[in-house]
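What follows is final12.cif (mmCIF, C-alpha atoms).
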data_model
#
loop_
_atom_site.group_PDB
_atom_site.id
_atom_site.type_symbol
_atom_site.label_atom_id
_atom_site.label_comp_id
_atom_site.auth_asym_id
_atom_site.auth_seq_id
_atom_site.Cartn_x
_atom_site.Cartn_y
_atom_site.Cartn_z
ATOM 1 C CA GLN A 286 -119.300 -40.767 99.989
ATOM 2 C CA GLY A 287 -116.198 -39.478 98.253
ATOM 3 C CA SER A 288 -112.569 -39.948 99.082
ATOM 4 C CA GLU A 289 -111.016 -40.204 102.491
ATOM 5 C CA LYS A 290 -108.532 -37.609 103.649
ATOM 6 C CA ILE A 291 -104.967 -38.809 103.151
ATOM 7 C CA LEU A 292 -102.444 -37.580 105.691
ATOM 8 C CA LEU A 293 -98.854 -37.482 104.500
ATOM 9 C CA GLU A 294 -95.920 -37.914 106.852
ATOM 10 C CA GLN A 295 -94.134 -34.598 107.376
ATOM 11 C CA VAL A 296 -90.386 -34.404 107.961
ATOM 12 C CA THR A 297 -87.960 -31.551 108.385
ATOM 13 C CA ALA A 298 -85.016 -31.532 105.980
ATOM 14 C CA ARG A 299 -82.344 -29.149 104.784
ATOM 15 C CA VAL A 300 -82.447 -27.752 101.259
ATOM 16 C CA GLY A 301 -79.705 -29.203 99.029
ATOM 17 C CA SER A 302 -79.844 -26.553 96.295
ATOM 18 C CA PRO A 303 -81.203 -23.011 95.961
ATOM 19 C CA VAL A 304 -84.998 -22.645 95.776
ATOM 20 C CA ARG A 305 -86.967 -19.695 94.437
ATOM 21 C CA SER A 306 -90.615 -19.279 95.293
ATOM 22 C CA THR A 307 -93.622 -17.039 94.809
ATOM 23 C CA PRO A 308 -93.634 -14.976 98.029
ATOM 24 C CA TRP A 309 -97.344 -14.084 98.152
ATOM 25 C CA ARG A 310 -98.586 -17.662 98.730
ATOM 26 C CA ASP A 311 -97.509 -21.032 100.091
ATOM 27 C CA ASP A 312 -95.590 -22.912 97.396
ATOM 28 C CA TYR A 313 -95.144 -26.683 97.165
ATOM 29 C CA GLN A 314 -92.181 -27.907 95.135
ATOM 30 C CA ARG A 315 -91.579 -31.464 93.959
ATOM 31 C CA GLY A 316 -88.258 -33.090 94.752
ATOM 32 C CA THR A 317 -86.404 -35.998 96.300
ATOM 33 C CA LEU A 318 -85.221 -36.738 99.813
ATOM 34 C CA ARG A 319 -81.860 -38.281 100.628
ATOM 35 C CA ARG A 320 -80.157 -39.114 103.901
ATOM 36 C CA GLU A 321 -76.695 -37.674 104.627
ATOM 37 C CA MET A 322 -74.572 -37.621 107.793
ATOM 38 C CA GLN A 323 -76.178 -34.303 108.822
ATOM 39 C CA GLY A 324 -79.738 -35.621 108.284
ATOM 40 C CA LEU A 325 -82.328 -35.450 105.538
ATOM 41 C CA ILE A 326 -81.644 -33.341 102.454
ATOM 42 C CA PHE A 327 -84.411 -32.191 100.092
ATOM 43 C CA ASP A 328 -83.394 -31.632 96.469
ATOM 44 C CA PRO A 329 -86.130 -29.780 94.556
ATOM 45 C CA PHE A 330 -86.417 -30.430 90.837
ATOM 46 C CA ASP A 331 -85.323 -27.582 88.563
ATOM 47 C CA ASP A 332 -88.470 -27.775 86.406
ATOM 48 C CA GLN A 333 -91.569 -27.340 88.573
ATOM 49 C CA GLY A 334 -93.881 -26.841 85.572
ATOM 50 C CA SER A 335 -97.257 -28.589 85.565
ATOM 51 C CA GLY A 336 -96.402 -30.299 82.267
ATOM 52 C CA ASN A 337 -93.283 -31.997 83.650
ATOM 53 C CA LEU A 338 -94.699 -35.461 84.319
ATOM 54 C CA VAL A 339 -91.257 -36.964 84.957
ATOM 55 C CA SER A 340 -90.911 -34.830 88.075
ATOM 56 C CA VAL A 341 -94.407 -35.831 89.196
ATOM 57 C CA VAL A 342 -93.661 -39.565 89.128
ATOM 58 C CA SER A 343 -90.039 -39.214 90.317
ATOM 59 C CA ALA A 344 -90.796 -37.059 93.367
ATOM 60 C CA ASP A 345 -90.851 -38.606 96.821
ATOM 61 C CA GLY A 346 -91.551 -35.331 98.603
ATOM 62 C CA LEU A 347 -93.271 -31.957 98.378
ATOM 63 C CA GLY A 348 -91.271 -29.186 99.995
ATOM 64 C CA MET A 349 -93.419 -26.385 101.413
ATOM 65 C CA ILE A 350 -92.124 -22.836 101.144
ATOM 66 C CA PRO A 351 -94.380 -20.590 103.249
ATOM 67 C CA ALA A 352 -95.884 -17.332 102.029
ATOM 68 C CA GLY A 353 -93.501 -14.441 102.541
ATOM 69 C CA VAL A 354 -90.408 -16.480 101.631
ATOM 70 C CA SER A 355 -89.024 -15.928 98.139
ATOM 71 C CA GLU A 356 -85.780 -17.883 98.375
ATOM 72 C CA LEU A 357 -84.107 -20.686 100.324
ATOM 73 C CA VAL A 358 -80.384 -21.404 100.198
ATOM 74 C CA PRO A 359 -78.615 -24.724 100.745
ATOM 75 C CA GLY A 360 -78.728 -25.618 104.439
ATOM 76 C CA ASP A 361 -82.020 -23.817 105.154
ATOM 77 C CA GLU A 362 -84.675 -25.972 106.813
ATOM 78 C CA ILE A 363 -87.805 -26.962 104.905
ATOM 79 C CA VAL A 364 -90.886 -28.988 105.849
ATOM 80 C CA VAL A 365 -91.452 -31.847 103.400
ATOM 81 C CA ASP A 366 -94.581 -33.940 102.887
ATOM 82 C CA ARG A 367 -93.364 -37.451 102.057
ATOM 83 C CA LEU A 368 -95.151 -38.951 99.061
ATOM 84 C CA PRO A 369 -96.001 -42.656 98.923
ATOM 85 C CA GLN A 370 -93.958 -44.581 96.372
ATOM 86 C CA ILE A 371 -95.947 -45.950 93.453
ATOM 87 C CA GLN A 372 -95.100 -49.480 92.362
ATOM 88 C CA ALA A 373 -95.200 -50.271 88.655
ATOM 89 C CA VAL A 374 -97.494 -53.158 87.705
#
For the structure just supplied, provide its representation as structure tokens.
Amino acid sequence: QGSEKILLEQVTARVGSPVRSTPWRDDYQRGTLRREMQGLIFDPFDDQGSGNLVSVVSADGLGMIPAGVSELVPGDEIVVDRLPQIQAV
């Protein structure tokens, strides 16, 4: 009974813009993935607030910043959980 575990595809990308994070815990940031000549680029949204529903429905990835890391700069690698795209009905 209950829900099944959903496994998201993980990819490695490079950060497209600076990211700040809470260093004492893993932090997941919503954003979008795009493909460039050098590979996948993850662009985190500026507003990561829980009330920002636009970023929730617009995101196609969750970038994971591990505990102990407070900042990533463009070009740094990041692991991204790809989110399934929701089709409007």
> Using only C-alpha atoms, which of A:Val364, A:Leu318, A:Ile291, A:Ile350 sits nearest Arg305 in chain A?
Replying inline: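 Comparing A:Val364, A:Leu318, A:Ile291, A:Ile350 against Arg305 in chain A, the winner is A:Ile350.
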Exercise for review: Name all residues at most 8 Å from Ile326 in chain A (count only C-alpha atoms; drop same-chain ones fewer than 4 positions away) and give them as a list of chain:residue names.
Suggested key: A:Ala298, A:Arg299, A:Val300, A:Gly301, A:Leu318, A:Arg319, A:Arg320, A:Glu321
The PyMOL selection byres ((chain A and resi 293-295) around 7) - which residues does that actually catch in the file I just gave you? List them as a list in words. Ile291, Leu292, Val296, Thr297, Val364, Val365, Asp366, Arg367 and Leu368 of chain A
Given all atoms listed in the file as the counted atoms, nearest of A:Pro308, A:Phe327, A:Gln333, A:Glu289 to Ile363 in chain A: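 Under the stated criterion, the closest residue is A:Phe327.
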Excluding Gly353 in chain A and residues on its chain fewer than 4 positions from it, collect all residues at most 10 Å away from it, counting all atoms listed in the file, and give them as an MDAnalysis selection string. chainID A and resid 306:311
*Once the PyMOL selection byres ((chain A and resi 315) around 6) has been applied to the shown file, what residues remain in the selection, as a PyMOL selection string?*
chain A and resi 314+316+329+344+347
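Straight-line separation from CA of Val358 in chain A to CA of Val304 in chain A: 6.5 Å.
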Taking into account only C-alpha atoms, which residue in the set A:Lys290, A:Gln370, A:Ser302, A:Met322 is nearest to Glu356 in chain A?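 Smallest separation from Glu356 in chain A among the options: A:Ser302.
Straight-line separation from CA of Asp331 in chain A to CA of Tyr313 in chain A: 13.1 Å.
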Report, in Å to a single decimal, how far apart CA of Pro369 in chain A and CA of Asp345 in chain A are.
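That distance, rounded to one decimal, is 6.9 Å.
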